[in-house]
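Student: input_10.pdb is reproduced below (PDB, C-alpha atoms).
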```
MODEL        1
ATOM      1  CA  GLN Q 888      18.832  -0.168 -16.438  1.00  0.00           C
ATOM      2  CA  LYS Q 889      17.819   0.006 -12.788  1.00  0.00           C
ATOM      3  CA  GLU Q 890      16.746  -3.365 -11.398  1.00  0.00           C
ATOM      4  CA  VAL Q 891      15.202  -4.344  -8.087  1.00  0.00           C
ATOM      5  CA  GLU Q 892      15.068  -8.051  -7.356  1.00  0.00           C
ATOM      6  CA  GLN Q 893      12.858  -9.870  -4.894  1.00  0.00           C
ATOM      7  CA  ASN Q 894      11.999 -13.511  -4.360  1.00  0.00           C
ATOM      8  CA  SER Q 895       8.385 -13.767  -5.513  1.00  0.00           C
ATOM      9  CA  GLY Q 896       7.499 -16.453  -2.955  1.00  0.00           C
ATOM     10  CA  PRO Q 897       5.114 -17.402  -1.634  1.00  0.00           C
ATOM     11  CA  LEU Q 898       6.840 -17.122   1.733  1.00  0.00           C
ATOM     12  CA  SER Q 899       4.853 -18.989   4.355  1.00  0.00           C
ATOM     13  CA  VAL Q 900       5.423 -18.065   8.023  1.00  0.00           C
ATOM     14  CA  PRO Q 901       3.562 -19.283  11.137  1.00  0.00           C
ATOM     15  CA  GLU Q 902       1.594 -16.722  13.113  1.00  0.00           C
ATOM     16  CA  GLY Q 903       3.737 -15.123  15.797  1.00  0.00           C
ATOM     17  CA  ALA Q 904       7.038 -15.862  14.025  1.00  0.00           C
ATOM     18  CA  ILE Q 905       9.415 -13.421  12.319  1.00  0.00           C
ATOM     19  CA  ALA Q 906       8.962 -12.897   8.576  1.00  0.00           C
ATOM     20  CA  SER Q 907      12.120 -11.898   6.697  1.00  0.00           C
ATOM     21  CA  LEU Q 908      11.838 -10.290   3.277  1.00  0.00           C
ATOM     22  CA  ASN Q 909      14.824  -9.464   1.091  1.00  0.00           C
ATOM     23  CA  CYS Q 910      15.590  -7.191  -1.830  1.00  0.00           C
ATOM     24  CA  THR Q 911      18.662  -6.398  -3.915  1.00  0.00           C
ATOM     25  CA  TYR Q 912      19.139  -3.465  -6.259  1.00  0.00           C
ATOM     26  CA  SER Q 913      21.470  -2.826  -9.155  1.00  0.00           C
ATOM     27  CA  ASP Q 914      22.006   0.946  -9.168  1.00  0.00           C
ATOM     28  CA  ARG Q 915      24.866   1.649  -6.793  1.00  0.00           C
ATOM     29  CA  VAL Q 916      24.007   5.358  -6.504  1.00  0.00           C
ATOM     30  CA  SER Q 917      20.536   4.645  -5.105  1.00  0.00           C
ATOM     31  CA  GLN Q 918      19.785   6.834  -2.103  1.00  0.00           C
ATOM     32  CA  SER Q 919      16.270   6.097  -0.866  1.00  0.00           C
ATOM     33  CA  PHE Q 920      14.664   2.751  -0.096  1.00  0.00           C
ATOM     34  CA  PHE Q 921      11.086   1.907   0.695  1.00  0.00           C
ATOM     35  CA  TRP Q 922       8.893  -1.017   1.611  1.00  0.00           C
ATOM     36  CA  TYR Q 923       5.272  -1.022   0.506  1.00  0.00           C
ATOM     37  CA  ARG Q 924       2.538  -3.509   1.355  1.00  0.00           C
ATOM     38  CA  GLN Q 925      -0.015  -4.328  -1.320  1.00  0.00           C
ATOM     39  CA  TYR Q 926      -3.141  -6.331  -0.645  1.00  0.00           C
ATOM     40  CA  SER Q 927      -4.718  -8.052  -3.635  1.00  0.00           C
ATOM     41  CA  GLY Q 928      -6.559  -5.538  -5.818  1.00  0.00           C
ATOM     42  CA  LYS Q 929      -5.417  -2.570  -3.723  1.00  0.00           C
ATOM     43  CA  SER Q 930      -2.796   0.131  -4.057  1.00  0.00           C
ATOM     44  CA  PRO Q 931       0.690   0.079  -2.505  1.00  0.00           C
ATOM     45  CA  GLU Q 932       0.761   1.284   1.099  1.00  0.00           C
ATOM     46  CA  LEU Q 933       4.009   2.745   2.449  1.00  0.00           C
ATOM     47  CA  ILE Q 934       5.169   0.962   5.589  1.00  0.00           C
ATOM     48  CA  MET Q 935       8.874   1.824   5.907  1.00  0.00           C
ATOM     49  CA  SER Q 936      11.506   4.121   4.456  1.00  0.00           C
ATOM     50  CA  ILE Q 937      15.268   3.897   5.049  1.00  0.00           C
ATOM     51  CA  TYR Q 938      18.046   6.113   3.774  1.00  0.00           C
ATOM     52  CA  SER Q 939      21.256   5.182   5.627  1.00  0.00           C
ATOM     53  CA  ASN Q 940      23.067   1.964   6.445  1.00  0.00           C
ATOM     54  CA  GLY Q 941      21.870   0.030   9.457  1.00  0.00           C
ATOM     55  CA  ASP Q 942      18.529  -0.754  11.010  1.00  0.00           C
ATOM     56  CA  LYS Q 943      15.381   1.306  11.366  1.00  0.00           C
ATOM     57  CA  GLU Q 944      12.570   0.090  13.593  1.00  0.00           C
ATOM     58  CA  ASP Q 945       8.901   1.083  13.582  1.00  0.00           C
ATOM     59  CA  GLY Q 946       6.638  -1.011  15.762  1.00  0.00           C
ATOM     60  CA  ARG Q 947       6.769  -4.628  14.574  1.00  0.00           C
ATOM     61  CA  PHE Q 948       8.694  -3.662  11.423  1.00  0.00           C
ATOM     62  CA  THR Q 949      12.471  -3.336  11.044  1.00  0.00           C
ATOM     63  CA  ALA Q 950      14.100  -2.265   7.805  1.00  0.00           C
ATOM     64  CA  GLN Q 951      17.790  -3.026   7.240  1.00  0.00           C
ATOM     65  CA  LEU Q 952      20.032  -1.421   4.633  1.00  0.00           C
ATOM     66  CA  ASN Q 953      23.504  -2.425   3.462  1.00  0.00           C
ATOM     67  CA  LYS Q 954      24.587  -0.156   0.627  1.00  0.00           C
ATOM     68  CA  ALA Q 955      27.921  -1.947   0.137  1.00  0.00           C
ATOM     69  CA  SER Q 956      26.049  -5.179  -0.593  1.00  0.00           C
ATOM     70  CA  GLN Q 957      23.163  -3.313  -2.330  1.00  0.00           C
ATOM     71  CA  TYR Q 958      20.744  -5.133  -0.079  1.00  0.00           C
ATOM     72  CA  VAL Q 959      17.597  -4.106   1.767  1.00  0.00           C
ATOM     73  CA  SER Q 960      15.505  -6.266   4.041  1.00  0.00           C
ATOM     74  CA  LEU Q 961      12.299  -6.048   6.040  1.00  0.00           C
ATOM     75  CA  LEU Q 962      11.653  -8.004   9.229  1.00  0.00           C
ATOM     76  CA  ILE Q 963       8.128  -8.373  10.569  1.00  0.00           C
ATOM     77  CA  ARG Q 964       8.015  -9.540  14.193  1.00  0.00           C
ATOM     78  CA  ASP Q 965       5.052 -11.297  15.782  1.00  0.00           C
ATOM     79  CA  SER Q 966       3.520 -11.920  12.346  1.00  0.00           C
ATOM     80  CA  GLN Q 967      -0.261 -11.685  12.171  1.00  0.00           C
ATOM     81  CA  PRO Q 968      -2.655 -13.129   9.565  1.00  0.00           C
ATOM     82  CA  SER Q 969      -3.419  -9.517   8.550  1.00  0.00           C
ATOM     83  CA  ASP Q 970       0.226  -9.199   7.455  1.00  0.00           C
ATOM     84  CA  SER Q 971      -0.529 -11.614   4.593  1.00  0.00           C
ATOM     85  CA  ALA Q 972       0.053  -9.499   1.481  1.00  0.00           C
ATOM     86  CA  THR Q 973       2.592  -8.793  -1.242  1.00  0.00           C
ATOM     87  CA  TYR Q 974       5.533  -6.707  -0.043  1.00  0.00           C
ATOM     88  CA  LEU Q 975       7.114  -4.420  -2.593  1.00  0.00           C
ATOM     89  CA  CYS Q 976      10.656  -3.111  -2.362  1.00  0.00           C
ATOM     90  CA  ALA Q 977      11.154   0.258  -4.068  1.00  0.00           C
ATOM     91  CA  VAL Q 978      14.307   2.229  -4.734  1.00  0.00           C
ATOM     92  CA  ARG Q 979      15.020   5.802  -5.808  1.00  0.00           C
ATOM     93  CA  THR Q 980      18.291   7.214  -7.087  1.00  0.00           C
ATOM     94  CA  ALA Q 981      17.932  10.744  -5.752  1.00  0.00           C
ATOM     95  CA  GLY Q 982      17.769  11.644  -2.085  1.00  0.00           C
ATOM     96  CA  GLY Q 983      14.662  13.697  -2.548  1.00  0.00           C
ATOM     97  CA  GLY Q 984      12.544  15.470  -5.095  1.00  0.00           C
ATOM     98  CA  ALA Q 985      10.712  14.185  -8.080  1.00  0.00           C
ATOM     99  CA  ASP Q 986      12.468  11.009  -9.176  1.00  0.00           C
ATOM    100  CA  GLY Q 987      10.245   8.012  -9.733  1.00  0.00           C
ATOM    101  CA  LEU Q 988      10.517   4.779  -7.788  1.00  0.00           C
ATOM    102  CA  THR Q 989      11.785   1.531  -9.275  1.00  0.00           C
ATOM    103  CA  PHE Q 990       9.816  -1.375  -7.840  1.00  0.00           C
ATOM    104  CA  GLY Q 991      10.584  -5.042  -7.476  1.00  0.00           C
ATOM    105  CA  LYS Q 992       7.970  -7.614  -8.411  1.00  0.00           C
ATOM    106  CA  GLY Q 993       7.163  -8.182  -4.745  1.00  0.00           C
ATOM    107  CA  THR Q 994       7.225 -11.089  -2.317  1.00  0.00           C
ATOM    108  CA  HIS Q 995       3.925 -12.776  -1.531  1.00  0.00           C
ATOM    109  CA  LEU Q 996       3.815 -13.381   2.231  1.00  0.00           C
ATOM    110  CA  ILE Q 997       1.368 -15.816   3.808  1.00  0.00           C
ATOM    111  CA  ILE Q 998       0.974 -15.892   7.588  1.00  0.00           C
ATOM    112  CA  GLN Q 999      -0.441 -19.230   8.675  1.00  0.00           C
ATOM    113  CA  PRO Q1000      -2.780 -19.085  11.716  1.00  0.00           C
TER     114      PRO Q1000
ATOM    115  CA  GLU W1368      -5.505  11.533   7.784  1.00  0.00           C
ATOM    116  CA  PRO W1369      -4.927  13.169   4.378  1.00  0.00           C
ATOM    117  CA  GLU W1370      -4.969  10.809   1.425  1.00  0.00           C
ATOM    118  CA  VAL W1371      -4.644  10.772  -2.337  1.00  0.00           C
ATOM    119  CA  THR W1372      -7.944  10.287  -4.145  1.00  0.00           C
ATOM    120  CA  GLN W1373      -8.529   9.097  -7.715  1.00  0.00           C
ATOM    121  CA  THR W1374     -11.508   9.046 -10.054  1.00  0.00           C
ATOM    122  CA  PRO W1375     -12.984   7.055 -11.607  1.00  0.00           C
ATOM    123  CA  SER W1376     -12.270   3.787  -9.835  1.00  0.00           C
ATOM    124  CA  HIS W1377     -12.923   1.863 -13.055  1.00  0.00           C
ATOM    125  CA  GLN W1378     -12.923   3.130 -16.632  1.00  0.00           C
ATOM    126  CA  VAL W1379     -13.868   1.056 -19.645  1.00  0.00           C
ATOM    127  CA  THR W1380     -13.050   2.482 -23.062  1.00  0.00           C
ATOM    128  CA  GLN W1381     -12.758   1.359 -26.638  1.00  0.00           C
ATOM    129  CA  MET W1382      -9.445   1.130 -28.422  1.00  0.00           C
ATOM    130  CA  GLY W1383      -8.505   4.451 -30.006  1.00  0.00           C
ATOM    131  CA  GLN W1384     -10.515   6.564 -27.570  1.00  0.00           C
ATOM    132  CA  GLU W1385      -9.056   9.223 -25.300  1.00  0.00           C
ATOM    133  CA  VAL W1386      -9.278   8.847 -21.536  1.00  0.00           C
ATOM    134  CA  ILE W1387      -8.506  11.220 -18.689  1.00  0.00           C
ATOM    135  CA  LEU W1388      -7.684   9.842 -15.272  1.00  0.00           C
ATOM    136  CA  ARG W1389      -8.024  12.211 -12.362  1.00  0.00           C
ATOM    137  CA  CYS W1390      -6.198  12.517  -9.074  1.00  0.00           C
ATOM    138  CA  VAL W1391      -6.321  14.837  -6.084  1.00  0.00           C
ATOM    139  CA  PRO W1392      -2.929  14.689  -4.325  1.00  0.00           C
ATOM    140  CA  ILE W1393      -2.423  15.323  -0.626  1.00  0.00           C
ATOM    141  CA  SER W1394      -2.950  19.047  -0.173  1.00  0.00           C
ATOM    142  CA  ASN W1395       0.497  20.172   1.058  1.00  0.00           C
ATOM    143  CA  HIS W1396       2.459  17.913  -1.291  1.00  0.00           C
ATOM    144  CA  LEU W1397       4.467  19.397  -4.138  1.00  0.00           C
ATOM    145  CA  TYR W1398       5.532  16.341  -6.155  1.00  0.00           C
ATOM    146  CA  PHE W1399       3.094  14.240  -8.128  1.00  0.00           C
ATOM    147  CA  TYR W1400       3.519  10.948  -9.925  1.00  0.00           C
ATOM    148  CA  TRP W1401       1.727   8.448 -12.118  1.00  0.00           C
ATOM    149  CA  TYR W1402       2.472   4.744 -12.066  1.00  0.00           C
ATOM    150  CA  ARG W1403       0.817   1.790 -13.725  1.00  0.00           C
ATOM    151  CA  GLN W1404       0.545  -1.876 -12.857  1.00  0.00           C
ATOM    152  CA  ILE W1405      -0.466  -4.383 -15.497  1.00  0.00           C
ATOM    153  CA  LEU W1406      -2.276  -7.353 -13.942  1.00  0.00           C
ATOM    154  CA  GLY W1407       0.221  -9.710 -12.325  1.00  0.00           C
ATOM    155  CA  GLN W1408       3.198  -7.474 -13.047  1.00  0.00           C
ATOM    156  CA  LYS W1409       5.241  -4.959 -11.105  1.00  0.00           C
ATOM    157  CA  VAL W1410       4.427  -1.331 -10.480  1.00  0.00           C
ATOM    158  CA  GLU W1411       6.036   0.827 -13.184  1.00  0.00           C
ATOM    159  CA  PHE W1412       6.883   4.526 -13.021  1.00  0.00           C
ATOM    160  CA  LEU W1413       5.402   6.693 -15.769  1.00  0.00           C
ATOM    161  CA  VAL W1414       6.037  10.344 -14.925  1.00  0.00           C
ATOM    162  CA  SER W1415       6.745  12.823 -12.173  1.00  0.00           C
ATOM    163  CA  PHE W1416       5.593  16.439 -12.028  1.00  0.00           C
ATOM    164  CA  TYR W1417       6.845  19.373 -10.004  1.00  0.00           C
ATOM    165  CA  ASN W1418       6.352  23.111 -10.213  1.00  0.00           C
ATOM    166  CA  ASN W1419       3.917  22.747 -13.112  1.00  0.00           C
ATOM    167  CA  GLU W1420       6.212  20.780 -15.351  1.00  0.00           C
ATOM    168  CA  ILE W1421       7.361  17.229 -15.961  1.00  0.00           C
ATOM    169  CA  SER W1422      10.459  16.386 -13.897  1.00  0.00           C
ATOM    170  CA  GLU W1423      11.121  12.869 -15.096  1.00  0.00           C
ATOM    171  CA  LYS W1424       9.439  10.384 -17.405  1.00  0.00           C
ATOM    172  CA  SER W1425      10.019   6.754 -18.256  1.00  0.00           C
ATOM    173  CA  GLU W1426      10.231   5.082 -21.646  1.00  0.00           C
ATOM    174  CA  ILE W1427       6.608   4.043 -21.233  1.00  0.00           C
ATOM    175  CA  PHE W1428       5.479   7.680 -21.160  1.00  0.00           C
ATOM    176  CA  ASP W1429       5.456   8.305 -24.904  1.00  0.00           C
ATOM    177  CA  ASP W1430       3.626  10.908 -27.001  1.00  0.00           C
ATOM    178  CA  GLN W1431       0.221   9.358 -26.378  1.00  0.00           C
ATOM    179  CA  PHE W1432       0.467  10.305 -22.689  1.00  0.00           C
ATOM    180  CA  SER W1433       0.250  13.761 -21.154  1.00  0.00           C
ATOM    181  CA  VAL W1434      -0.157  15.157 -17.666  1.00  0.00           C
ATOM    182  CA  GLU W1435      -1.642  18.375 -16.432  1.00  0.00           C
ATOM    183  CA  ARG W1436      -2.424  20.213 -13.227  1.00  0.00           C
ATOM    184  CA  PRO W1437      -5.438  22.193 -14.438  1.00  0.00           C
ATOM    185  CA  ASP W1438      -6.133  23.861 -11.088  1.00  0.00           C
ATOM    186  CA  GLY W1439      -4.791  23.972  -7.542  1.00  0.00           C
ATOM    187  CA  SER W1440      -6.007  20.531  -6.574  1.00  0.00           C
ATOM    188  CA  ASN W1441      -6.342  18.162  -9.532  1.00  0.00           C
ATOM    189  CA  PHE W1442      -3.623  16.260 -11.376  1.00  0.00           C
ATOM    190  CA  THR W1443      -4.599  14.420 -14.549  1.00  0.00           C
ATOM    191  CA  LEU W1444      -3.193  11.769 -16.856  1.00  0.00           C
ATOM    192  CA  LYS W1445      -4.479  11.770 -20.422  1.00  0.00           C
ATOM    193  CA  ILE W1446      -4.058   8.872 -22.800  1.00  0.00           C
ATOM    194  CA  ARG W1447      -4.789  10.166 -26.291  1.00  0.00           C
ATOM    195  CA  SER W1448      -5.498   7.032 -28.287  1.00  0.00           C
ATOM    196  CA  THR W1449      -5.826   3.993 -26.080  1.00  0.00           C
ATOM    197  CA  LYS W1450      -4.459   0.581 -27.029  1.00  0.00           C
ATOM    198  CA  LEU W1451      -5.335  -2.827 -25.668  1.00  0.00           C
ATOM    199  CA  GLU W1452      -1.982  -2.929 -23.883  1.00  0.00           C
ATOM    200  CA  ASP W1453      -2.866   0.207 -21.918  1.00  0.00           C
ATOM    201  CA  SER W1454      -5.233  -1.908 -19.814  1.00  0.00           C
ATOM    202  CA  ALA W1455      -3.824  -1.680 -16.293  1.00  0.00           C
ATOM    203  CA  MET W1456      -4.253  -0.151 -12.850  1.00  0.00           C
ATOM    204  CA  TYR W1457      -3.085   3.449 -12.868  1.00  0.00           C
ATOM    205  CA  PHE W1458      -1.911   4.847  -9.559  1.00  0.00           C
ATOM    206  CA  CYS W1459      -1.380   8.473  -8.702  1.00  0.00           C
ATOM    207  CA  ALA W1460       1.054   9.278  -5.896  1.00  0.00           C
ATOM    208  CA  SER W1461       2.253  12.408  -4.180  1.00  0.00           C
ATOM    209  CA  SER W1462       5.099  13.389  -1.893  1.00  0.00           C
ATOM    210  CA  GLY W1463       6.233  16.455   0.018  1.00  0.00           C
ATOM    211  CA  GLY W1464       5.663  17.960   3.384  1.00  0.00           C
ATOM    212  CA  THR W1465       8.076  16.856   6.087  1.00  0.00           C
ATOM    213  CA  ALA W1466       9.247  13.695   4.299  1.00  0.00           C
ATOM    214  CA  VAL W1467       9.721  14.781   0.710  1.00  0.00           C
ATOM    215  CA  SER W1468      10.907  11.371  -0.472  1.00  0.00           C
ATOM    216  CA  GLU W1469       7.969   9.341   0.796  1.00  0.00           C
ATOM    217  CA  GLN W1470       5.377   8.741  -1.886  1.00  0.00           C
ATOM    218  CA  TYR W1471       1.779   8.010  -0.946  1.00  0.00           C
ATOM    219  CA  PHE W1472      -0.423   6.227  -3.411  1.00  0.00           C
ATOM    220  CA  GLY W1473      -4.057   6.700  -4.270  1.00  0.00           C
ATOM    221  CA  PRO W1474      -6.479   3.775  -4.605  1.00  0.00           C
ATOM    222  CA  GLY W1475      -5.981   3.561  -8.360  1.00  0.00           C
ATOM    223  CA  THR W1476      -8.090   3.605 -11.519  1.00  0.00           C
ATOM    224  CA  ARG W1477      -8.599   0.314 -13.298  1.00  0.00           C
ATOM    225  CA  LEU W1478      -8.512   1.048 -17.039  1.00  0.00           C
ATOM    226  CA  THR W1479      -9.941  -1.580 -19.341  1.00  0.00           C
ATOM    227  CA  VAL W1480      -9.472  -1.072 -23.081  1.00  0.00           C
ATOM    228  CA  THR W1481     -11.698  -3.219 -25.295  1.00  0.00           C
TER     229      THR W1481
ENDMDL
END
```
Could you render the structure from this file as structure tokens?
Tutor:
Amino acid sequence: QKEVEQNSGPLSVPEGAIASLNCTYSDRVSQSFFWYRQYSGKSPELIMSIYSNGDKEDGRFTAQLNKASQYVSLLIRDSQPSDSATYLCAVRTAGGGADGLTFGKGTHLIIQP
Amino acid sequence: EPEVTQTPSHQVTQMGQEVILRCVPISNHLYFYWYRQILGQKVEFLVSFYNNEISEKSEIFDDQFSVERPDGSNFTLKIRSTKLEDSAMYFCASSGGTAVSEQYFGPGTRLTVT
């Protein structure tokens, strides 16, 4: 059974600070890792993908992957009130193709103005 | 920017009725997916579809569910005999193009079974 674990929060961070979101996964052969943002009542929105160990940066977002520890994280720099949302970690076993994603329950992030 | 579209946005049906949820994936994508999210719970994979056949399905996707690509643009999910527990948001997603692994979600259909 593939499991993806996230702290449900809420995680409260002051505006302008760094928000750090964490995720662990159980399936050691997982190949692809994604972070989605979901506003209340809306659909998941892809914000980052990462496939190899290390860091990947895109604007204010940095994803970090450690396959040995089965750990993925997302850092959001200069947090803005508009970043307040639930952040979903998703994992896929295959490197590409038609496999479905296994999602965590999400971390509710609140950015305090 | 291309996006996945879904219709209807909200569907109300009575228990035992059949419903069809419709999706138009991003035009150059080759892989299509359905997910559901029961209120307050996590997003759950139902099925993936590639080259006009099911590639993978979860335990949730039992005989009451079916998928079809009836033409070159639409992708549908049919629930044959709805149950109260089928009430959820249903999301269609697609992937392909230059980043085959990245799945993009549509806005969802809220299904309410009464």
Student: So how many Å separate CA of Asn953 (chain Q) and CA of Phe921 (chain Q), to one decimal?
Tutor: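 Value for the CA of Asn953 (chain Q)-CA of Phe921 (chain Q) distance: 13.4 Å.
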Student: For Gly987 (chain Q), find every residue with an atom within 8 Å (counting only C-alpha atoms), except residues of its own chain fewer than 2 positions away, and show them as a short mmCIF file (atom, residue, chain, number, x, y, z; two decimals) with C-alpha atoms, in the coordinates of the input.
Tutor:
```
data_model
loop_
_atom_site.label_atom_id
_atom_site.label_comp_id
_atom_site.auth_asym_id
_atom_site.auth_seq_id
_atom_site.Cartn_x
_atom_site.Cartn_y
_atom_site.Cartn_z
CA ARG Q 979 15.02 5.80 -5.81
CA ALA Q 985 10.71 14.18 -8.08
CA THR Q 989 11.78 1.53 -9.28
CA TYR W 1400 3.52 10.95 -9.93
CA PHE W 1412 6.88 4.53 -13.02
CA LEU W 1413 5.40 6.69 -15.77
CA VAL W 1414 6.04 10.34 -14.92
CA SER W 1415 6.74 12.82 -12.17
CA GLU W 1423 11.12 12.87 -15.10
#
```
Student: Quick check on the file I pasted: which residues fall under the ChimeraX specification (/W :<7) & /Q? Write them as a list in words.
Tutor: Lys929, Ser930, Pro931, Glu932, Leu933, Gly983, Gly984, Ala985, Asp986, Gly987, Leu988, Thr989, Phe990, Gly991 and Lys992 of chain Q
Student: What box, with edges along x, y and z, holds each listed atom of region 1380-1383 of chain W when 6 Å is added on every side, and can you state its centre and edge lengths in Å to one decimal, as JSON?
Tutor:
```
{"center_x": -10.8, "center_y": 2.8, "center_z": -26.5, "size_x": 16.5, "size_y": 15.3, "size_z": 18.9}
```
Student: Taking the file as shown, what set of residues would the PyMOL selection byres ((chain W and resi 1433-1446) around 10) give back, as a ChimeraX atom specification?
Tutor: /W:1372-1374,1383-1394,1399-1401,1414-1421,1428-1432,1447-1450,1453,1457,1459
Student: Of the candidates Q:Asp965, Q:Asp945, Q:Glu890, Q:Glu902, which one gets nearest to Thr980 (chain Q) if we count all atoms listed in the file?
Tutor: Q:Glu890
Student: Translate the PyMOL selection byres ((chain Q and resi 904) around 10), as applied to the file shown, into an explicit residue set as a ChimeraX atom specification.
Tutor: /Q:900-903,905-907,963-967,998-999
Student: Mind dumping the selected residues with C-alpha atoms as a PDB file, in the frame of the given file?
Tutor:
```pdb
ATOM      1  CA  VAL Q 900       5.423 -18.065   8.023  1.00  0.00           C
ATOM      2  CA  PRO Q 901       3.562 -19.283  11.137  1.00  0.00           C
ATOM      3  CA  GLU Q 902       1.594 -16.722  13.113  1.00  0.00           C
ATOM      4  CA  GLY Q 903       3.737 -15.123  15.797  1.00  0.00           C
ATOM      5  CA  ILE Q 905       9.415 -13.421  12.319  1.00  0.00           C
ATOM      6  CA  ALA Q 906       8.962 -12.897   8.576  1.00  0.00           C
ATOM      7  CA  SER Q 907      12.120 -11.898   6.697  1.00  0.00           C
ATOM      8  CA  ILE Q 963       8.128  -8.373  10.569  1.00  0.00           C
ATOM      9  CA  ARG Q 964       8.015  -9.540  14.193  1.00  0.00           C
ATOM     10  CA  ASP Q 965       5.052 -11.297  15.782  1.00  0.00           C
ATOM     11  CA  SER Q 966       3.520 -11.920  12.346  1.00  0.00           C
ATOM     12  CA  GLN Q 967      -0.261 -11.685  12.171  1.00  0.00           C
ATOM     13  CA  ILE Q 998       0.974 -15.892   7.588  1.00  0.00           C
ATOM     14  CA  GLN Q 999      -0.441 -19.230   8.675  1.00  0.00           C
TER      15      GLN Q 999
END
```
Student: Just the number, please: distance in Å from CA of Leu898 (chain Q) to CA of Thr994 (chain Q), one decimal.
Tutor: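 Atom-to-atom, CA of Leu898 (chain Q) to CA of Thr994 (chain Q), that is 7.3 Å.
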Student: Using all atoms listed in the file, which of Q:Ala977, Q:Cys910, Q:Leu996, Q:Ala972 sits nearest Gln925 (chain Q)?
Tutor: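 Using all atoms listed in the file, the shortest distance to Gln925 (chain Q) belongs to Q:Ala972.
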Student: Every residue with an atom at most 8 Å from (16.1, -4.1, -0.1) (file coordinates; only C-alpha atoms) is what I'm after, so could you write them as number ranges by chain?
Tutor: Q: 909-912, 920-921, 951-952, 957-961, 976-977
Student: CA of Glu944 (chain Q) to CA of Pro897 (chain Q): how many Å, to one decimal?
Tutor: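 Interatomic distance here is 24.4 Å.
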Student: Closest to Asp942 (chain Q) among Q:Leu962, Q:Tyr926, Q:Pro1000, Q:Ser917, using only C-alpha atoms?
Tutor: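 Between Q:Leu962, Q:Tyr926, Q:Pro1000, Q:Ser917, the residue approaching Asp942 (chain Q) most closely is Q:Leu962.
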Student: Could you please fill out region 891-895 of chain Q with all heavy atoms and send it back as a compact mmCIF listing (two decimals), in the frame of the given file?
Tutor:
```
# COMPACT_ATOMS: atom_id res chain seq x y z
N VAL Q 891 15.45 -4.00 -9.48
CA VAL Q 891 15.20 -4.34 -8.09
C VAL Q 891 14.69 -5.77 -8.08
O VAL Q 891 13.70 -6.08 -8.75
CB VAL Q 891 14.17 -3.39 -7.45
CG1 VAL Q 891 13.87 -3.81 -6.02
CG2 VAL Q 891 14.68 -1.95 -7.50
N GLU Q 892 15.39 -6.63 -7.34
CA GLU Q 892 15.07 -8.05 -7.36
C GLU Q 892 14.52 -8.51 -6.01
O GLU Q 892 15.07 -8.17 -4.96
CB GLU Q 892 16.32 -8.87 -7.68
CG GLU Q 892 16.94 -8.56 -9.03
CD GLU Q 892 16.08 -9.05 -10.19
OE1 GLU Q 892 15.25 -9.96 -9.99
OE2 GLU Q 892 16.24 -8.52 -11.30
N GLN Q 893 13.45 -9.27 -6.09
CA GLN Q 893 12.86 -9.87 -4.89
C GLN Q 893 12.46 -11.30 -5.22
O GLN Q 893 12.06 -11.60 -6.36
CB GLN Q 893 11.59 -9.12 -4.47
CG GLN Q 893 11.79 -7.70 -4.04
CD GLN Q 893 10.45 -7.08 -3.62
OE1 GLN Q 893 9.87 -6.28 -4.34
NE2 GLN Q 893 9.99 -7.45 -2.43
N ASN Q 894 12.53 -12.17 -4.22
CA ASN Q 894 12.00 -13.51 -4.36
C ASN Q 894 10.48 -13.42 -4.35
O ASN Q 894 9.90 -12.85 -3.44
CB ASN Q 894 12.48 -14.39 -3.20
CG ASN Q 894 12.14 -15.84 -3.41
OD1 ASN Q 894 11.07 -16.17 -3.94
ND2 ASN Q 894 13.02 -16.72 -2.98
N SER Q 895 9.83 -13.95 -5.39
CA SER Q 895 8.38 -13.77 -5.51
C SER Q 895 7.58 -14.58 -4.51
O SER Q 895 6.41 -14.28 -4.25
CB SER Q 895 7.93 -14.11 -6.93
OG SER Q 895 8.22 -15.46 -7.23
```
